[in-house]
file coords00.tsv (TSV, C-alpha atoms)
chain	number	residue	atom	x	y	z
A	20	MET	CA	109.68	173.55	89.49
A	21	THR	CA	111.29	173.95	92.92
A	22	ALA	CA	108.29	175.92	94.19
A	23	PHE	CA	105.90	173.28	92.85
A	24	LYS	CA	107.86	170.49	94.57
A	25	THR	CA	108.02	172.42	97.84
A	26	LEU	CA	104.29	173.13	97.79
A	27	SER	CA	103.47	169.50	96.96
A	28	VAL	CA	105.58	168.19	99.82
A	29	ALA	CA	104.10	170.73	102.23
A	30	MET	CA	100.53	169.81	101.24
A	31	LEU	CA	101.28	166.10	101.51
A	32	LYS	CA	102.70	166.54	105.01
A	33	GLY	CA	99.68	168.61	106.01
A	34	PHE	CA	97.38	165.91	104.67
A	35	ILE	CA	99.15	163.13	106.56
A	36	ARG	CA	99.16	165.08	109.84
A	37	ASP	CA	95.42	165.79	109.67
A	38	LYS	CA	93.86	162.79	111.42
A	39	VAL	CA	90.30	163.87	110.63
A	40	THR	CA	91.08	164.11	106.92
A	41	LEU	CA	92.75	160.70	106.95
A	42	PHE	CA	89.68	159.20	108.62
A	43	PHE	CA	87.19	160.62	106.12
A	44	THR	CA	89.46	159.83	103.17
A	45	PHE	CA	90.23	156.20	103.93
A	46	LEU	CA	88.40	154.73	106.93
A	47	PHE	CA	84.97	156.35	106.45
A	48	PRO	CA	84.27	155.06	102.90
A	49	LEU	CA	86.07	151.82	103.72
A	50	MET	CA	83.56	151.18	106.54
A	51	PHE	CA	80.73	151.20	104.00
A	52	LEU	CA	82.57	148.70	101.83
A	53	ILE	CA	83.16	146.36	104.76
A	54	ILE	CA	79.64	146.69	106.22
A	55	PHE	CA	77.78	146.22	102.94
A	56	GLY	CA	80.25	143.54	101.84
A	57	LEU	CA	79.64	141.49	105.00
A	58	ILE	CA	75.87	142.01	104.95
A	59	LEU	CA	75.41	141.13	101.28
A	60	ARG	CA	78.10	138.51	100.76
A	61	ASP	CA	75.64	135.60	101.12
A	62	VAL	CA	72.78	137.20	99.19
A	63	GLY	CA	71.37	134.70	96.71
A	64	ALA	CA	72.95	131.71	98.43
A	65	ASP	CA	69.77	130.68	100.29
A	66	LYS	CA	67.12	128.74	98.38
A	67	THR	CA	63.43	129.43	98.72
A	68	ARG	CA	61.98	127.02	101.27
A	69	ILE	CA	58.43	125.64	100.98
A	70	ALA	CA	56.32	123.12	102.88
A	71	VAL	CA	55.51	119.74	101.25
A	72	VAL	CA	52.80	117.27	102.21
A	73	GLY	CA	53.04	113.91	100.44
A	74	ASP	CA	55.45	112.51	97.89
A	75	GLY	CA	55.63	111.58	94.24
A	76	PRO	CA	57.64	112.05	91.03
A	77	ILE	CA	57.17	115.83	91.01
A	78	VAL	CA	58.47	116.12	94.56
A	79	SER	CA	61.42	113.86	93.70
A	80	ALA	CA	62.24	115.95	90.66
A	81	LEU	CA	62.07	119.17	92.68
A	82	ARG	CA	64.26	117.68	95.38
A	83	ASP	CA	66.86	116.43	92.87
A	84	SER	CA	66.97	119.74	91.01
A	85	GLY	CA	67.74	121.79	94.11
A	86	ALA	CA	65.60	124.65	92.78
A	87	LEU	CA	63.62	124.74	96.03
A	88	GLU	CA	64.30	123.64	99.58
A	89	LEU	CA	61.52	121.24	100.58
A	90	GLU	CA	60.36	121.03	104.19
A	91	PRO	CA	58.16	117.91	104.70
A	92	TYR	CA	54.98	117.95	106.84
A	93	ASN	CA	52.69	115.11	107.85
A	94	ASP	CA	49.39	116.97	107.52
A	95	GLU	CA	48.00	119.72	105.35
A	96	ASN	CA	46.81	121.95	108.20
A	97	SER	CA	50.28	122.28	109.73
A	98	ALA	CA	51.82	123.13	106.37
A	99	VAL	CA	49.17	125.72	105.49
A	100	GLN	CA	49.45	127.28	108.94
A	101	LYS	CA	53.15	127.87	108.33
A	102	VAL	CA	52.21	129.82	105.21
A	103	LYS	CA	49.52	131.79	107.03
A	104	ASP	CA	52.01	132.68	109.77
A	105	GLY	CA	54.40	134.07	107.18
A	106	ASP	CA	57.12	131.53	107.94
A	107	LEU	CA	57.00	129.99	104.46
A	108	PRO	CA	55.90	131.49	101.11
A	109	ALA	CA	53.99	128.40	99.93
A	110	ALA	CA	52.91	124.83	100.68
A	111	LEU	CA	52.76	122.04	98.09
A	112	ILE	CA	50.02	119.47	98.80
A	113	ILE	CA	50.24	116.13	96.93
A	114	ARG	CA	46.99	114.16	96.48
A	115	GLY	CA	47.89	111.37	94.08
A	116	GLN	CA	48.16	113.05	90.68
A	117	GLN	CA	46.63	116.27	91.95
A	118	LEU	CA	49.05	118.99	93.12
A	119	ASP	CA	47.73	121.94	95.09
A	120	VAL	CA	49.83	124.97	95.98
A	121	ARG	CA	48.74	127.23	98.83
A	122	PHE	CA	50.73	130.45	98.75
A	123	ALA	CA	50.98	133.75	100.59
A	124	GLN	CA	49.80	136.75	98.61
A	125	SER	CA	51.72	139.02	100.97
A	126	ASP	CA	55.04	137.71	99.57
A	127	GLN	CA	54.35	138.07	95.88
A	128	VAL	CA	57.94	137.77	94.68
A	129	LYS	CA	58.69	134.44	96.36
A	130	SER	CA	55.20	133.12	95.67
A	131	ALA	CA	55.53	133.87	91.97
A	132	THR	CA	58.93	132.20	91.94
A	133	VAL	CA	57.58	129.06	93.62
A	134	LEU	CA	54.53	128.87	91.33
A	135	GLY	CA	56.70	129.28	88.24
A	136	ILE	CA	59.13	126.54	89.30
A	137	ILE	CA	56.42	124.02	90.26
A	138	ASN	CA	54.39	124.76	87.12
A	139	GLY	CA	57.48	124.15	85.00
A	140	PHE	CA	58.09	120.74	86.56
A	141	VAL	CA	54.41	119.80	86.17
A	142	ASP	CA	54.44	120.78	82.49
A	143	LYS	CA	57.60	118.76	81.94
A	144	ALA	CA	56.10	115.71	83.67
A	145	ASN	CA	52.89	116.00	81.61
A	146	LEU	CA	54.87	116.17	78.39
A	147	ALA	CA	56.92	113.13	79.37
A	148	ALA	CA	53.71	111.21	80.12
A	149	THR	CA	52.49	111.72	76.52
A	150	GLY	CA	55.62	110.14	75.08
A	151	GLN	CA	55.96	112.97	72.54
A	152	PRO	CA	59.28	114.75	71.98
A	153	PRO	CA	59.30	118.43	72.96
A	154	ARG	CA	58.66	120.83	70.08
A	155	PHE	CA	60.46	123.76	71.72
A	156	THR	CA	63.61	123.79	73.81
A	157	PHE	CA	64.70	126.34	76.35
A	158	ALA	CA	68.13	127.18	77.79
A	159	ALA	CA	69.19	129.88	80.25
A	160	GLU	CA	72.70	131.00	81.13
A	161	LYS	CA	74.10	133.88	83.17
A	162	VAL	CA	76.06	136.46	81.20
A	163	GLU	CA	78.38	136.99	84.18
A	164	ASP	CA	80.72	134.52	85.76
A	165	ALA	CA	78.84	132.21	88.13
A	166	SER	CA	81.15	133.23	90.97
A	167	LEU	CA	80.15	136.90	90.95
A	168	LYS	CA	79.20	138.25	94.35
A	169	PRO	CA	77.70	141.54	95.51
A	170	ILE	CA	81.19	142.78	96.42
A	171	GLN	CA	81.91	142.92	92.67
A	172	PHE	CA	79.33	145.66	92.30
A	173	LEU	CA	79.86	147.39	95.64
A	174	THR	CA	83.59	148.01	95.25
A	175	PRO	CA	83.53	150.19	92.10
A	176	GLY	CA	80.72	152.42	93.39
A	177	ILE	CA	82.02	152.96	96.92
A	178	LEU	CA	85.58	153.47	95.63
A	179	SER	CA	84.33	156.17	93.23
A	180	TRP	CA	82.45	157.83	96.06
A	181	GLY	CA	85.52	157.71	98.30
A	182	VAL	CA	87.61	159.40	95.61
A	183	ALA	CA	84.90	162.06	95.17
A	184	VAL	CA	84.78	162.77	98.91
A	185	SER	CA	88.56	163.02	99.15
A	186	ALA	CA	88.94	165.33	96.13
A	187	VAL	CA	86.03	167.65	96.96
A	188	PHE	CA	86.83	167.99	100.65
A	189	GLY	CA	90.57	168.17	100.05
A	190	SER	CA	90.45	171.07	97.61
A	191	ALA	CA	87.59	172.96	99.29
A	192	LEU	CA	88.91	172.81	102.85
A	193	THR	CA	92.47	173.56	101.78
A	194	LEU	CA	91.48	176.68	99.89
A	195	VAL	CA	89.24	177.98	102.67
A	196	SER	CA	91.78	177.26	105.40
A	197	TRP	CA	94.64	178.83	103.51
A	198	ARG	CA	92.55	181.89	102.66
A	199	ARG	CA	91.50	182.44	106.28
A	200	LYS	CA	95.07	182.00	107.54
A	201	GLN	CA	96.41	184.42	104.91
A	202	VAL	CA	98.56	181.66	103.40
A	203	LEU	CA	97.16	182.32	99.92
A	204	ARG	CA	97.93	186.02	100.31
A	205	ARG	CA	101.56	185.28	101.17
A	206	ILE	CA	101.82	182.85	98.28
A	207	ARG	CA	100.38	185.45	95.93
A	208	LEU	CA	102.99	187.99	97.02
A	209	ALA	CA	105.71	185.39	96.51
A	210	PRO	CA	106.97	184.47	93.03
A	211	VAL	CA	104.56	181.53	92.84
A	212	SER	CA	101.75	181.21	90.30
A	213	ALA	CA	98.21	180.12	91.10
A	214	THR	CA	98.73	177.23	88.70
A	215	SER	CA	101.58	175.90	90.84
A	216	VAL	CA	99.47	176.11	93.99
A	217	LEU	CA	96.49	174.28	92.51
A	218	SER	CA	98.65	171.75	90.63
A	219	SER	CA	100.53	170.78	93.78
A	220	ARG	CA	97.26	170.18	95.66
A	221	LEU	CA	95.87	168.26	92.67
A	222	LEU	CA	98.97	166.07	92.62
A	223	VAL	CA	98.38	165.15	96.25
A	224	SER	CA	94.71	164.35	95.53
A	225	ALA	CA	95.68	162.16	92.56
A	226	GLY	CA	98.19	160.25	94.66
A	227	VAL	CA	95.61	159.78	97.42
A	228	ALA	CA	93.10	158.45	94.85
A	229	LEU	CA	95.57	155.80	93.65
A	230	VAL	CA	96.31	154.77	97.24
A	231	GLN	CA	92.55	154.58	97.92
A	232	GLY	CA	92.11	152.35	94.89
A	233	ALA	CA	94.88	149.99	96.00
A	234	ILE	CA	93.53	149.77	99.57
A	235	PHE	CA	89.90	149.24	98.50
A	236	VAL	CA	90.74	146.57	95.94
A	237	GLY	CA	93.16	144.88	98.33
A	238	ILE	CA	90.62	144.62	101.15
A	239	ALA	CA	87.74	143.64	98.84
A	240	SER	CA	89.95	140.87	97.40
A	241	LEU	CA	90.34	139.20	100.80
A	242	PRO	CA	88.72	135.73	100.99
A	243	VAL	CA	86.00	137.01	103.34
A	244	PHE	CA	84.71	139.26	100.52
A	245	GLY	CA	86.01	137.53	97.40
A	246	LEU	CA	86.40	140.36	94.86
A	247	ARG	CA	87.58	139.04	91.49
A	248	LEU	CA	89.06	141.60	89.11
A	249	SER	CA	88.56	141.42	85.36
A	250	GLY	CA	91.49	141.32	82.99
A	251	SER	CA	91.11	145.01	82.18
A	252	TRP	CA	91.18	146.19	85.82
A	253	TRP	CA	94.13	148.51	85.10
A	254	LEU	CA	91.81	150.74	83.03
A	255	ALA	CA	90.40	151.90	86.37
A	256	ILE	CA	93.58	153.96	86.89
A	257	PRO	CA	92.78	156.63	84.26
A	258	LEU	CA	89.22	156.74	85.57
A	259	LEU	CA	90.48	157.37	89.10
A	260	LEU	CA	92.64	160.23	87.83
A	261	LEU	CA	89.89	161.76	85.67
A	262	GLY	CA	87.43	161.45	88.55
A	263	THR	CA	89.92	163.20	90.84
A	264	LEU	CA	90.18	166.06	88.35
A	265	ALA	CA	86.40	166.43	88.09
A	266	PHE	CA	85.74	166.42	91.82
A	267	PHE	CA	88.77	168.55	92.58
A	268	ALA	CA	87.25	171.20	90.29
A	269	LEU	CA	83.97	170.85	92.16
A	270	GLY	CA	85.81	171.32	95.45
A	271	MET	CA	87.47	174.44	94.08
A	272	LEU	CA	84.06	175.86	93.29
A	273	VAL	CA	82.83	175.09	96.81
A	274	GLY	CA	86.00	176.58	98.32
A	275	ALA	CA	85.61	179.75	96.29
A	276	PHE	CA	82.29	180.60	97.94
A	277	ALA	CA	82.66	179.16	101.45
A	278	LYS	CA	83.89	181.50	104.17
A	279	THR	CA	84.86	178.98	106.86
A	280	GLU	CA	85.96	175.35	107.06
A	281	GLU	CA	82.62	174.45	108.63
A	282	SER	CA	80.61	175.99	105.80
A	283	ALA	CA	82.91	174.36	103.23
A	284	SER	CA	82.43	170.97	104.86
A	285	ALA	CA	78.66	171.42	104.99
A	286	ALA	CA	78.49	172.56	101.35
A	287	ALA	CA	80.66	169.64	100.24
A	288	ASN	CA	78.40	167.20	102.08
A	289	ILE	CA	75.29	168.74	100.51
A	290	VAL	CA	76.85	168.20	97.08
A	291	VAL	CA	78.52	164.80	97.44
A	292	LEU	CA	76.18	162.77	99.67
A	293	PRO	CA	72.96	163.16	97.61
A	294	MET	CA	75.03	162.56	94.49
A	295	ALA	CA	76.22	159.24	95.93
A	296	PHE	CA	72.67	157.96	96.47
A	297	LEU	CA	71.42	159.26	93.11
A	298	SER	CA	74.39	157.79	91.24
A	299	GLY	CA	73.96	154.19	92.40
A	300	THR	CA	76.91	154.11	94.80
A	301	PHE	CA	75.10	152.14	97.51
A	302	PHE	CA	71.99	150.90	95.71
A	303	PRO	CA	71.29	150.42	91.98
A	304	VAL	CA	69.15	153.08	90.35
A	305	ASP	CA	67.91	150.83	87.53
A	306	GLN	CA	64.55	150.33	89.27
A	307	ALA	CA	64.13	154.02	90.09
A	308	PRO	CA	61.55	156.14	88.22
A	309	ALA	CA	62.60	157.15	84.72
A	310	TRP	CA	62.89	160.82	85.65
A	311	LEU	CA	65.21	159.98	88.56
A	312	GLN	CA	67.42	157.88	86.29
A	313	THR	CA	67.63	160.82	83.92
A	314	VAL	CA	68.61	163.14	86.78
A	315	SER	CA	71.31	160.71	87.92
A	316	LYS	CA	72.99	160.91	84.51
A	317	ILE	CA	73.67	164.59	85.11
A	318	PHE	CA	76.09	163.77	87.90
A	319	PRO	CA	79.71	162.86	87.08
A	320	LEU	CA	79.72	160.25	89.85
A	321	ARG	CA	77.10	158.18	87.98
A	322	HIS	CA	79.36	157.93	84.93
A	323	MET	CA	82.45	157.24	87.02
A	324	ASN	CA	80.55	154.43	88.77
A	325	ASP	CA	79.47	152.94	85.44
A	326	GLY	CA	82.96	153.14	84.01
A	327	MET	CA	84.58	151.57	87.06
A	328	LEU	CA	82.02	148.76	87.02
A	329	ASP	CA	82.67	148.08	83.33
A	330	VAL	CA	86.45	147.77	83.63
A	331	LEU	CA	86.77	146.25	87.11
A	332	VAL	CA	83.94	143.71	86.91
A	333	ARG	CA	82.46	143.32	83.43
A	334	GLY	CA	85.79	142.99	81.66
A	335	LYS	CA	85.13	145.65	79.03
A	336	GLY	CA	88.04	147.19	77.18
A	337	ILE	CA	89.28	150.70	76.59
A	338	GLU	CA	86.11	151.57	74.68
A	339	ALA	CA	84.28	151.57	78.02
A	340	LEU	CA	86.25	154.69	78.99
A	341	ALA	CA	84.94	156.78	76.09
A	342	ILE	CA	81.65	158.06	77.54
A	343	PRO	CA	82.58	158.35	81.24
A	344	GLY	CA	85.99	159.79	80.33
A	345	ALA	CA	84.49	162.42	78.02
A	346	ILE	CA	81.88	163.41	80.61
A	347	LEU	CA	84.44	163.69	83.41
A	348	VAL	CA	86.76	165.80	81.23
A	349	GLY	CA	83.89	168.03	80.12
A	350	PHE	CA	82.71	168.46	83.72
A	351	THR	CA	86.26	169.36	84.77
A	352	LEU	CA	86.64	171.99	82.07
A	353	VAL	CA	83.29	173.66	82.71
A	354	VAL	CA	83.35	173.63	86.51
A	355	GLY	CA	87.08	174.36	86.63
A	356	PHE	CA	86.61	177.40	84.40
A	357	VAL	CA	83.79	178.74	86.59
A	358	ALA	CA	85.84	178.09	89.75
A	359	SER	CA	88.85	179.93	88.30
A	360	ARG	CA	86.71	182.96	87.54
A	361	VAL	CA	85.34	183.22	91.08
A	362	PHE	CA	88.55	182.18	92.83
A	363	LYS	CA	89.56	184.57	95.64
A	364	TRP	CA	93.02	184.91	97.15
A	365	GLU	CA	91.77	186.88	100.15
A	366	GLU	CA	88.58	187.42	102.13
call {"tool": "encode", "arguments": {"input": "coords00.tsv", "output": "structure tokens"}}
result
Amino acid sequence: MTAFKTLSVAMLKGFIRDKVTLFFTFLFPLMFLIIFGLILRDVGADKTRIAVVGDGPIVSALRDSGALELEPYNDENSAVQKVKDGDLPAALIIRGQQLDVRFAQSDQVKSATVLGIINGFVDKANLAATGQPPRFTFAAEKVEDASLKPIQFLTPGILSWGVAVSAVFGSALTLVSWRRKQVLRRIRLAPVSATSVLSSRLLVSAGVALVQGAIFVGIASLPVFGLRLSGSWWLAIPLLLLGTLAFFALGMLVGAFAKTEESASAAANIVVLPMAFLSGTFFPVDQAPAWLQTVSKIFPLRHMNDGMLDVLVRGKGIEALAIPGAILVGFTLVVGFVASRVFKWEE
């Protein structure tokens, strides 16, 4: 127990003194959270703006609904020119009871949105003109809270990635550095077990992961970002610890093969960075090809991301930990076993 405590304290001091490690553990992933959070915080707040020539009940209904932002023009040519120039996605021309929409085919998403909204208001006005009650009714409601912002979905993914980077790099670089400096050889000759050495480093990584979680959530909760935690946010703690275990095992495997700190760092980057993009850390993978989505499910980071999103944002309970927890534990056992078999005390 004394040896374990001594090793843990020594590794913690070494971690704190290493400015480069501190940067890549805390500031580097935090920069992504801040940059993406600032860029995307107003996404969805702007309404689609279209040109309008003329007036009437449809225009009044559109204006009152706030579904579109209407920009009035005195003549049709000026309005259509704005669409041709790519400044606006569509122009609504009112000629009495005739409504014409001139839209830009180059912006199919916004054009389709505009056409759907205008067509809906026209259909509603036509039905009202007949005096007949509607046969079908339609209602739409968001499943999430109306106040959700992109930061809600960015925080879980980037936090998971930050924990992965810290655990992989921490274990890999420590093992390689200690092997090259003959520290592992001296430890082996001393009455200290390999379990104590690895457990002490794992304890430091787990503590760092919890500190990362507190810092990320604290900064994302600032008014400028507006993160709102669900009631089951505390379930993220076991996920942070299980994720640390999984990626620590991966770092052990990298450290077992790498000869120098530079090669260990390069190998860790080759493993972690592509995994981040394929696991939906920065961008959702729901729209990716089916085969790519299947590939992403192989990576433990994908399941950690999903689990963190479920408990931090979607408000799911402990049942949300079942699949990601089982996968992270299974990954830890398999990769940890392989790493232990190829572990080397000396060059």
call {"tool": "closest_residue", "arguments": {"input": "coords00.tsv", "among": "A:His322, A:Ser219, A:Ala183, A:Ala358", "to": "Ala268 in chain A", "atoms": "only C-alpha atoms"}}
result
A:Ala358
call {"tool": "atom_distance", "arguments": {"input": "coords00.tsv", "atom1": "CA of Leu254 in chain A", "atom2": "CA of Gly326 in chain A"}}
result
9.2 Å
call {"tool": "closest_residue", "arguments": {"input": "coords00.tsv", "among": "A:Val72, A:Leu261, A:Val273, A:Ile234", "to": "Val290 in chain A", "atoms": "only C-alpha atoms"}}
result
A:Val273
call {"tool": "residues_around", "arguments": {"input": "coords00.tsv", "residues": "Met50 in chain A", "least_positions_apart": "2", "cutoff": "12 Å", "atoms": "all atoms listed in the file", "output": "list in words"}}
result
Phe42, Phe43, Thr44, Phe45, Leu46, Phe47, Pro48, Leu52, Ile53, Ile54, Phe55, Gly56, Leu57, Thr174, Ile177, Leu178, Gly181, Phe235, Ile238 and Ala239 of chain A
call {"tool": "atom_distance", "arguments": {"input": "coords00.tsv", "atom1": "CA of Gln117 in chain A", "atom2": "CA of Thr132 in chain A"}}
result
20.1 Å
call {"tool": "residues_around", "arguments": {"input": "coords00.tsv", "residues": "Ala287 in chain A", "least_positions_apart": "2", "cutoff": "12 Å", "atoms": "all atoms listed in the file", "output": "number ranges by chain"}}
result
A: 183-192, 266-267, 269-277, 280-285, 289-294
call {"tool": "atom_distance", "arguments": {"input": "coords00.tsv", "atom1": "CA of Asp83 in chain A", "atom2": "CA of Gly105 in chain A"}}
result
25.9 Å
call {"tool": "closest_residue", "arguments": {"input": "coords00.tsv", "among": "A:Ala144, A:Val71, A:Glu88, A:Asn288", "to": "Val120 in chain A", "atoms": "all atoms listed in the file"}}
result
A:Val71
call {"tool": "closest_residue", "arguments": {"input": "coords00.tsv", "among": "A:Leu241, A:Val223, A:Leu31, A:Leu297", "to": "Trp310 in chain A", "atoms": "only C-alpha atoms"}}
result
A:Leu297
call {"tool": "closest_residue", "arguments": {"input": "coords00.tsv", "among": "A:Val141, A:Val102, A:Leu264, A:Leu340", "to": "Leu118 in chain A", "atoms": "all atoms listed in the file"}}
result
A:Val141
call {"tool": "residues_near_point", "arguments": {"input": "coords00.tsv", "point": "(98.1, 156.5, 95.5)", "cutoff": "12 Å", "atoms": "only C-alpha atoms", "output": "list in words"}}
result
Leu31, Phe45, Val182, Leu222, Val223, Ser224, Ala225, Gly226, Val227, Ala228, Leu229, Val230, Gln231, Gly232, Ala233, Ile234, Phe235, Ile256, Leu259, Leu260 and Thr263 of chain A
call {"tool": "decode", "arguments": {"input": "coords00.tsv", "residues": "range 275-284 of chain A", "atoms": "all heavy atoms", "output": "PDB file, in the first residue's frame"}}
result
ATOM      1  N   ALA A 275       3.536  -0.489 -25.336  1.00  0.00           N
ATOM      2  CA  ALA A 275       4.268  -1.751 -25.356  1.00  0.00           C
ATOM      3  C   ALA A 275       5.101  -1.907 -26.623  1.00  0.00           C
ATOM      4  O   ALA A 275       6.148  -2.554 -26.615  1.00  0.00           O
ATOM      5  CB  ALA A 275       3.302  -2.917 -25.207  1.00  0.00           C
ATOM      6  N   PHE A 276       4.630  -1.312 -27.717  1.00  0.00           N
ATOM      7  CA  PHE A 276       5.324  -1.468 -29.004  1.00  0.00           C
ATOM      8  C   PHE A 276       6.226  -0.286 -29.347  1.00  0.00           C
ATOM      9  O   PHE A 276       7.223  -0.449 -30.043  1.00  0.00           O
ATOM     10  CB  PHE A 276       4.301  -1.670 -30.126  1.00  0.00           C
ATOM     11  CG  PHE A 276       3.616  -3.002 -30.088  1.00  0.00           C
ATOM     12  CD1 PHE A 276       2.347  -3.129 -29.577  1.00  0.00           C
ATOM     13  CD2 PHE A 276       4.257  -4.135 -30.553  1.00  0.00           C
ATOM     14  CE1 PHE A 276       1.715  -4.364 -29.530  1.00  0.00           C
ATOM     15  CE2 PHE A 276       3.647  -5.381 -30.526  1.00  0.00           C
ATOM     16  CZ  PHE A 276       2.357  -5.507 -30.004  1.00  0.00           C
ATOM     17  N   ALA A 277       5.871   0.906 -28.896  1.00  0.00           N
ATOM     18  CA  ALA A 277       6.640   2.095 -29.261  1.00  0.00           C
ATOM     19  C   ALA A 277       8.011   2.086 -28.581  1.00  0.00           C
ATOM     20  O   ALA A 277       8.158   1.656 -27.437  1.00  0.00           O
ATOM     21  CB  ALA A 277       5.870   3.353 -28.878  1.00  0.00           C
ATOM     22  N   LYS A 278       9.019   2.582 -29.311  1.00  0.00           N
ATOM     23  CA  LYS A 278      10.382   2.603 -28.798  1.00  0.00           C
ATOM     24  C   LYS A 278      10.754   3.954 -28.181  1.00  0.00           C
ATOM     25  O   LYS A 278      11.588   4.028 -27.283  1.00  0.00           O
ATOM     26  CB  LYS A 278      11.369   2.281 -29.924  1.00  0.00           C
ATOM     27  CG  LYS A 278      11.137   0.934 -30.593  1.00  0.00           C
ATOM     28  CD  LYS A 278      11.372  -0.214 -29.641  1.00  0.00           C
ATOM     29  CE  LYS A 278      11.232  -1.559 -30.352  1.00  0.00           C
ATOM     30  NZ  LYS A 278      11.412  -2.698 -29.434  1.00  0.00           N
ATOM     31  N   THR A 279      10.174   5.031 -28.704  1.00  0.00           N
ATOM     32  CA  THR A 279      10.498   6.374 -28.223  1.00  0.00           C
ATOM     33  C   THR A 279       9.212   7.136 -27.924  1.00  0.00           C
ATOM     34  O   THR A 279       8.120   6.746 -28.350  1.00  0.00           O
ATOM     35  CB  THR A 279      11.319   7.152 -29.266  1.00  0.00           C
ATOM     36  OG1 THR A 279      10.497   7.355 -30.440  1.00  0.00           O
ATOM     37  CG2 THR A 279      12.580   6.401 -29.647  1.00  0.00           C
ATOM     38  N   GLU A 280       9.355   8.261 -27.205  1.00  0.00           N
ATOM     39  CA  GLU A 280       8.196   9.095 -26.918  1.00  0.00           C
ATOM     40  C   GLU A 280       7.578   9.646 -28.196  1.00  0.00           C
ATOM     41  O   GLU A 280       6.363   9.771 -28.304  1.00  0.00           O
ATOM     42  CB  GLU A 280       8.590  10.255 -25.995  1.00  0.00           C
ATOM     43  CG  GLU A 280       8.910   9.855 -24.564  1.00  0.00           C
ATOM     44  CD  GLU A 280      10.379   9.563 -24.375  1.00  0.00           C
ATOM     45  OE1 GLU A 280      11.070   9.227 -25.377  1.00  0.00           O
ATOM     46  OE2 GLU A 280      10.865   9.661 -23.230  1.00  0.00           O
ATOM     47  N   GLU A 281       8.427   9.966 -29.171  1.00  0.00           N
ATOM     48  CA  GLU A 281       7.918  10.511 -30.437  1.00  0.00           C
ATOM     49  C   GLU A 281       7.076   9.475 -31.176  1.00  0.00           C
ATOM     50  O   GLU A 281       6.000   9.791 -31.698  1.00  0.00           O
ATOM     51  CB  GLU A 281       9.079  10.968 -31.330  1.00  0.00           C
ATOM     52  CG  GLU A 281       9.829  12.178 -30.841  1.00  0.00           C
ATOM     53  CD  GLU A 281      10.801  11.862 -29.706  1.00  0.00           C
ATOM     54  OE1 GLU A 281      11.024  10.659 -29.439  1.00  0.00           O
ATOM     55  OE2 GLU A 281      11.310  12.809 -29.087  1.00  0.00           O
ATOM     56  N   SER A 282       7.558   8.238 -31.238  1.00  0.00           N
ATOM     57  CA  SER A 282       6.794   7.198 -31.923  1.00  0.00           C
ATOM     58  C   SER A 282       5.516   6.865 -31.162  1.00  0.00           C
ATOM     59  O   SER A 282       4.477   6.580 -31.760  1.00  0.00           O
ATOM     60  CB  SER A 282       7.645   5.939 -32.102  1.00  0.00           C
ATOM     61  OG  SER A 282       8.023   5.387 -30.850  1.00  0.00           O
ATOM     62  N   ALA A 283       5.569   6.923 -29.833  1.00  0.00           N
ATOM     63  CA  ALA A 283       4.366   6.673 -29.029  1.00  0.00           C
ATOM     64  C   ALA A 283       3.323   7.756 -29.264  1.00  0.00           C
ATOM     65  O   ALA A 283       2.123   7.474 -29.403  1.00  0.00           O
ATOM     66  CB  ALA A 283       4.731   6.605 -27.546  1.00  0.00           C
ATOM     67  N   SER A 284       3.792   9.011 -29.328  1.00  0.00           N
ATOM     68  CA  SER A 284       2.873  10.118 -29.579  1.00  0.00           C
ATOM     69  C   SER A 284       2.247  10.006 -30.966  1.00  0.00           C
ATOM     70  O   SER A 284       1.044  10.214 -31.137  1.00  0.00           O
ATOM     71  CB  SER A 284       3.624  11.445 -29.445  1.00  0.00           C
ATOM     72  OG  SER A 284       2.764  12.536 -29.702  1.00  0.00           O
TER      73      SER A 284
END
